[in-house]
>>> print(open('protein.cif').read())   # mmCIF, C-alpha atoms and all ligand atoms; chains and numbers go by the auth columns
data_coords
loop_
_atom_site.group_PDB
_atom_site.id
_atom_site.type_symbol
_atom_site.label_atom_id
_atom_site.label_comp_id
_atom_site.label_asym_id
_atom_site.label_seq_id
_atom_site.Cartn_x
_atom_site.Cartn_y
_atom_site.Cartn_z
_atom_site.B_iso_or_equiv
_atom_site.auth_seq_id
_atom_site.auth_asym_id
ATOM 1 C CA MET A 1 213.033 135.930 184.237 0.00 926 A
ATOM 2 C CA LYS A 2 211.413 132.980 185.983 0.00 927 A
ATOM 3 C CA SER A 3 208.932 132.313 183.178 0.00 928 A
ATOM 4 C CA LYS A 4 211.736 132.494 180.643 0.00 929 A
ATOM 5 C CA SER A 5 213.653 129.681 182.301 0.00 930 A
ATOM 6 C CA LEU A 6 210.413 127.706 182.465 0.00 931 A
ATOM 7 C CA VAL A 7 210.056 128.080 178.699 0.00 932 A
ATOM 8 C CA PHE A 8 213.609 126.813 178.306 0.00 933 A
ATOM 9 C CA ALA A 9 212.876 123.874 180.591 0.00 934 A
ATOM 10 C CA ILE A 10 209.776 122.951 178.579 0.00 935 A
ATOM 11 C CA ALA A 11 211.710 123.294 175.337 0.00 936 A
ATOM 12 C CA ALA A 12 214.458 121.026 176.676 0.00 937 A
ATOM 13 C CA VAL A 13 211.917 118.403 177.768 0.00 938 A
ATOM 14 C CA LEU A 14 210.280 118.553 174.337 0.00 939 A
ATOM 15 C CA VAL A 15 213.595 118.088 172.566 0.00 940 A
ATOM 16 C CA ILE A 16 214.446 115.094 174.754 0.00 941 A
ATOM 17 C CA ALA A 17 210.976 113.589 174.207 0.00 942 A
ATOM 18 C CA LEU A 18 211.136 114.018 170.438 0.00 943 A
ATOM 19 C CA THR A 19 214.643 112.583 170.316 0.00 944 A
ATOM 20 C CA SER A 20 213.614 109.464 172.216 0.00 945 A
ATOM 21 C CA ILE A 21 210.566 108.979 169.974 0.00 946 A
ATOM 22 C CA GLY A 22 212.909 109.183 167.013 0.00 947 A
ATOM 23 C CA ALA A 23 215.181 106.606 168.621 0.00 948 A
ATOM 24 C CA LEU A 24 212.274 104.242 169.182 0.00 949 A
ATOM 25 C CA ALA A 25 211.256 104.370 165.543 0.00 950 A
ATOM 26 C CA ALA A 26 214.827 103.898 164.423 0.00 951 A
ATOM 27 C CA THR A 27 215.678 101.754 161.478 0.00 952 A
ATOM 28 C CA LYS A 28 217.201 98.459 162.487 0.00 953 A
ATOM 29 C CA LYS A 29 219.776 96.640 160.455 0.00 954 A
ATOM 30 C CA SER A 30 220.107 92.878 160.426 0.00 955 A
ATOM 31 C CA THR A 31 222.483 90.597 158.627 0.00 956 A
ATOM 32 C CA ILE A 32 220.887 87.218 158.012 0.00 957 A
ATOM 33 C CA ARG A 33 222.825 84.309 156.567 0.00 958 A
ATOM 34 C CA VAL A 34 220.914 82.454 153.904 0.00 959 A
ATOM 35 C CA GLU A 35 221.625 78.994 152.586 0.00 960 A
ATOM 36 C CA GLY A 36 220.647 77.687 149.179 0.00 961 A
ATOM 37 C CA MET A 37 221.020 80.724 146.946 0.00 962 A
ATOM 38 C CA LYS A 38 223.048 79.774 143.899 0.00 963 A
ATOM 39 C CA CYS A 39 222.620 82.510 141.352 0.00 964 A
ATOM 40 C CA ALA A 40 221.321 86.018 140.798 0.00 965 A
ATOM 41 C CA LYS A 41 217.841 84.655 140.212 0.00 966 A
ATOM 42 C CA CYS A 42 217.813 83.070 143.667 0.00 967 A
ATOM 43 C CA SER A 43 219.022 86.187 145.427 0.00 968 A
ATOM 44 C CA GLY A 44 216.625 88.203 143.283 0.00 969 A
ATOM 45 C CA SER A 45 213.602 86.283 144.528 0.00 970 A
ATOM 46 C CA VAL A 46 214.698 86.666 148.147 0.00 971 A
ATOM 47 C CA GLU A 47 215.250 90.377 147.591 0.00 972 A
ATOM 48 C CA LYS A 48 211.842 90.760 145.979 0.00 973 A
ATOM 49 C CA ALA A 49 210.076 88.941 148.829 0.00 974 A
ATOM 50 C CA LEU A 50 211.807 91.052 151.458 0.00 975 A
ATOM 51 C CA LYS A 51 211.117 94.311 149.650 0.00 976 A
ATOM 52 C CA ALA A 52 207.439 93.386 149.515 0.00 977 A
ATOM 53 C CA THR A 53 207.401 92.981 153.298 0.00 978 A
ATOM 54 C CA GLU A 54 205.897 95.823 155.293 0.00 979 A
ATOM 55 C CA GLY A 55 208.462 97.844 157.206 0.00 980 A
ATOM 56 C CA VAL A 56 211.431 96.818 155.074 0.00 981 A
ATOM 57 C CA GLU A 57 213.334 99.859 153.900 0.00 982 A
ATOM 58 C CA LYS A 58 216.459 98.539 152.262 0.00 983 A
ATOM 59 C CA VAL A 59 217.657 95.129 151.108 0.00 984 A
ATOM 60 C CA GLU A 60 221.113 94.071 150.015 0.00 985 A
ATOM 61 C CA VAL A 61 221.444 90.471 148.929 0.00 986 A
ATOM 62 C CA SER A 62 224.570 88.510 148.181 0.00 987 A
ATOM 63 C CA LEU A 63 224.724 84.749 147.639 0.00 988 A
ATOM 64 C CA LYS A 64 225.435 84.020 151.280 0.00 989 A
ATOM 65 C CA GLU A 65 223.681 86.683 153.231 0.00 990 A
ATOM 66 C CA VAL A 66 221.062 89.346 153.271 0.00 991 A
ATOM 67 C CA VAL A 67 221.434 92.764 154.858 0.00 992 A
ATOM 68 C CA VAL A 68 218.061 94.229 155.661 0.00 993 A
ATOM 69 C CA GLU A 69 217.212 97.637 157.030 0.00 994 A
ATOM 70 C CA TYR A 70 213.751 97.772 158.522 0.00 995 A
ATOM 71 C CA ASP A 71 211.446 99.677 160.797 0.00 996 A
ATOM 72 C CA ASP A 72 211.313 97.555 163.937 0.00 997 A
ATOM 73 C CA GLN A 73 207.885 98.984 164.792 0.00 998 A
ATOM 74 C CA LYS A 74 206.474 97.300 161.706 0.00 999 A
ATOM 75 C CA THR A 75 208.437 94.112 161.369 0.00 1000 A
ATOM 76 C CA SER A 76 211.072 92.025 163.131 0.00 1001 A
ATOM 77 C CA GLU A 77 214.039 89.891 162.272 0.00 1002 A
ATOM 78 C CA THR A 78 211.979 86.797 163.101 0.00 1003 A
ATOM 79 C CA LYS A 79 209.391 87.871 160.549 0.00 1004 A
ATOM 80 C CA LEU A 80 212.102 88.562 157.965 0.00 1005 A
ATOM 81 C CA ARG A 81 213.511 85.074 158.509 0.00 1006 A
ATOM 82 C CA GLU A 82 210.036 83.656 157.914 0.00 1007 A
ATOM 83 C CA VAL A 83 209.800 85.613 154.661 0.00 1008 A
ATOM 84 C CA ILE A 84 213.179 84.245 153.537 0.00 1009 A
ATOM 85 C CA ASN A 85 212.202 80.677 154.453 0.00 1010 A
ATOM 86 C CA ALA A 86 208.926 81.096 152.561 0.00 1011 A
ATOM 87 C CA THR A 87 210.888 81.735 149.361 0.00 1012 A
ATOM 88 C CA GLY A 88 212.382 78.233 149.645 0.00 1013 A
ATOM 89 C CA PHE A 89 215.785 79.207 150.980 0.00 1014 A
ATOM 90 C CA LYS A 90 216.997 78.837 154.513 0.00 1015 A
ATOM 91 C CA ALA A 91 217.652 81.688 156.898 0.00 1016 A
ATOM 92 C CA VAL A 92 220.421 80.336 159.110 0.00 1017 A
ATOM 93 C CA GLU A 93 219.980 80.891 162.818 0.00 1018 A
ATOM 94 C CA GLU A 94 223.154 82.635 163.809 0.00 1019 A
ATOM 95 C CA LYS A 95 224.712 85.840 164.995 0.00 1020 A
ATOM 96 C CA THR A 96 222.657 88.846 164.051 0.00 1021 A
ATOM 97 C CA GLY A 97 224.110 92.122 162.975 0.00 1022 A
ATOM 98 C CA SER A 98 221.430 94.033 164.807 0.00 1023 A
ATOM 99 C CA GLN A 99 222.264 97.449 166.100 0.00 1024 A
HETATM 100 CU CU CU B . 219.457 80.441 141.300 0.00 1101 A
#
>>> encode(input="protein.cif", output="structure tokens")
Amino acid sequence: MKSKSLVFAIAAVLVIALTSIGALAATKKSTIRVEGMKCAKCSGSVEKALKATEGVEKVEVSLKEVVVEYDDQKTSETKLREVINATGFKAVEEKTGSQ
């Protein structure tokens, strides 16, 4: 009886540990405003650059902003802004849609 509850306790600890590891590796979502994109070719080059960045999982680009889903263990919003700026457009420093 006693050892059975110990097994349950260990199982519970394991579940909590695994859940928190999962939370740490969670995908982050950022909305970054970008200035200078004027057509689909512009947004296409930004999208391509972001998709080529390690840790980036999903990119949605419109003419005014970029919504990026990324693994925050591998990259950061700061890094993503650098990637956007490197394409010749400007990532506007503003509110972030981070979760
Ligand atoms: Cu263009």
>>> resolve_selection(input="protein.cif", expression="the PyMOL selection byres (((not hetatm)) within 9 of (chain A and resi 1101))", output="ChimeraX atom specification")
/A:961-970
>>> residues_near_point(input="protein.cif", point="(222.1, 83.1, 153.4)", cutoff="8 Å", atoms="only C-alpha atoms", output="PyMOL selection string")
chain A and resi 957-962+987-991+1014-1017
>>> write_last_selection(input="protein.cif", atoms="C-alpha atoms", output="short mmCIF file (atom, residue, chain, number, x, y, z; two decimals), in the coordinates of the input")
data_model
loop_
_atom_site.label_atom_id
_atom_site.label_comp_id
_atom_site.auth_asym_id
_atom_site.auth_seq_id
_atom_site.Cartn_x
_atom_site.Cartn_y
_atom_site.Cartn_z
CA ILE A 957 220.89 87.22 158.01
CA ARG A 958 222.82 84.31 156.57
CA VAL A 959 220.91 82.45 153.90
CA GLU A 960 221.62 78.99 152.59
CA GLY A 961 220.65 77.69 149.18
CA MET A 962 221.02 80.72 146.95
CA SER A 987 224.57 88.51 148.18
CA LEU A 988 224.72 84.75 147.64
CA LYS A 989 225.44 84.02 151.28
CA GLU A 990 223.68 86.68 153.23
CA VAL A 991 221.06 89.35 153.27
CA PHE A 1014 215.78 79.21 150.98
CA LYS A 1015 217.00 78.84 154.51
CA ALA A 1016 217.65 81.69 156.90
CA VAL A 1017 220.42 80.34 159.11
#
>>> residues_near_point(input="protein.cif", point="(212.8, 89.8, 149.5)", cutoff="9 Å", atoms="all atoms listed in the file", output="mmCIF file with C-alpha atoms, keeping the file's coordinate frame")
data_model
loop_
_atom_site.group_PDB
_atom_site.id
_atom_site.type_symbol
_atom_site.label_atom_id
_atom_site.label_comp_id
_atom_site.auth_asym_id
_atom_site.auth_seq_id
_atom_site.Cartn_x
_atom_site.Cartn_y
_atom_site.Cartn_z
ATOM 1 C CA SER A 968 219.022 86.187 145.427
ATOM 2 C CA GLY A 969 216.625 88.203 143.283
ATOM 3 C CA SER A 970 213.602 86.283 144.528
ATOM 4 C CA VAL A 971 214.698 86.666 148.147
ATOM 5 C CA GLU A 972 215.250 90.377 147.591
ATOM 6 C CA LYS A 973 211.842 90.760 145.979
ATOM 7 C CA ALA A 974 210.076 88.941 148.829
ATOM 8 C CA LEU A 975 211.807 91.052 151.458
ATOM 9 C CA LYS A 976 211.117 94.311 149.650
ATOM 10 C CA ALA A 977 207.439 93.386 149.515
ATOM 11 C CA THR A 978 207.401 92.981 153.298
ATOM 12 C CA VAL A 984 217.657 95.129 151.108
ATOM 13 C CA VAL A 986 221.444 90.471 148.929
ATOM 14 C CA LEU A 1005 212.102 88.562 157.965
ATOM 15 C CA VAL A 1008 209.800 85.613 154.661
ATOM 16 C CA ILE A 1009 213.179 84.245 153.537
ATOM 17 C CA THR A 1012 210.888 81.735 149.361
#
>>> closest_residue(input="protein.cif", among="A:Thr944, A:Ser955, A:Ser928, A:Asn1010", to="Val992 (chain A)", atoms="all atoms listed in the file")
A:Ser955
>>> resolve_selection(input="protein.cif", expression="the PyMOL selection byres (((chain A and resi 997) around 10) and not hetatm)", output="number ranges by chain")
A: 949-954, 980-981, 994-996, 998-1002
>>> atom_distance(input="protein.cif", atom1="CA of Thr956 (chain A)", atom2="CA of Thr1003 (chain A)")
12.0 Å
>>> atom_distance(input="protein.cif", atom1="CA of Glu1007 (chain A)", atom2="CA of Val993 (chain A)")
13.5 Å
>>> axis_aligned_box(input="protein.cif", around="region 970-982 of chain A", padding_each_side="6 Å", output="lines of an AutoDock Vina configuration file")
center_x = 210.6
center_y = 93.1
center_z = 150.9
size_x = 21.4
size_y = 25.6
size_z = 24.7
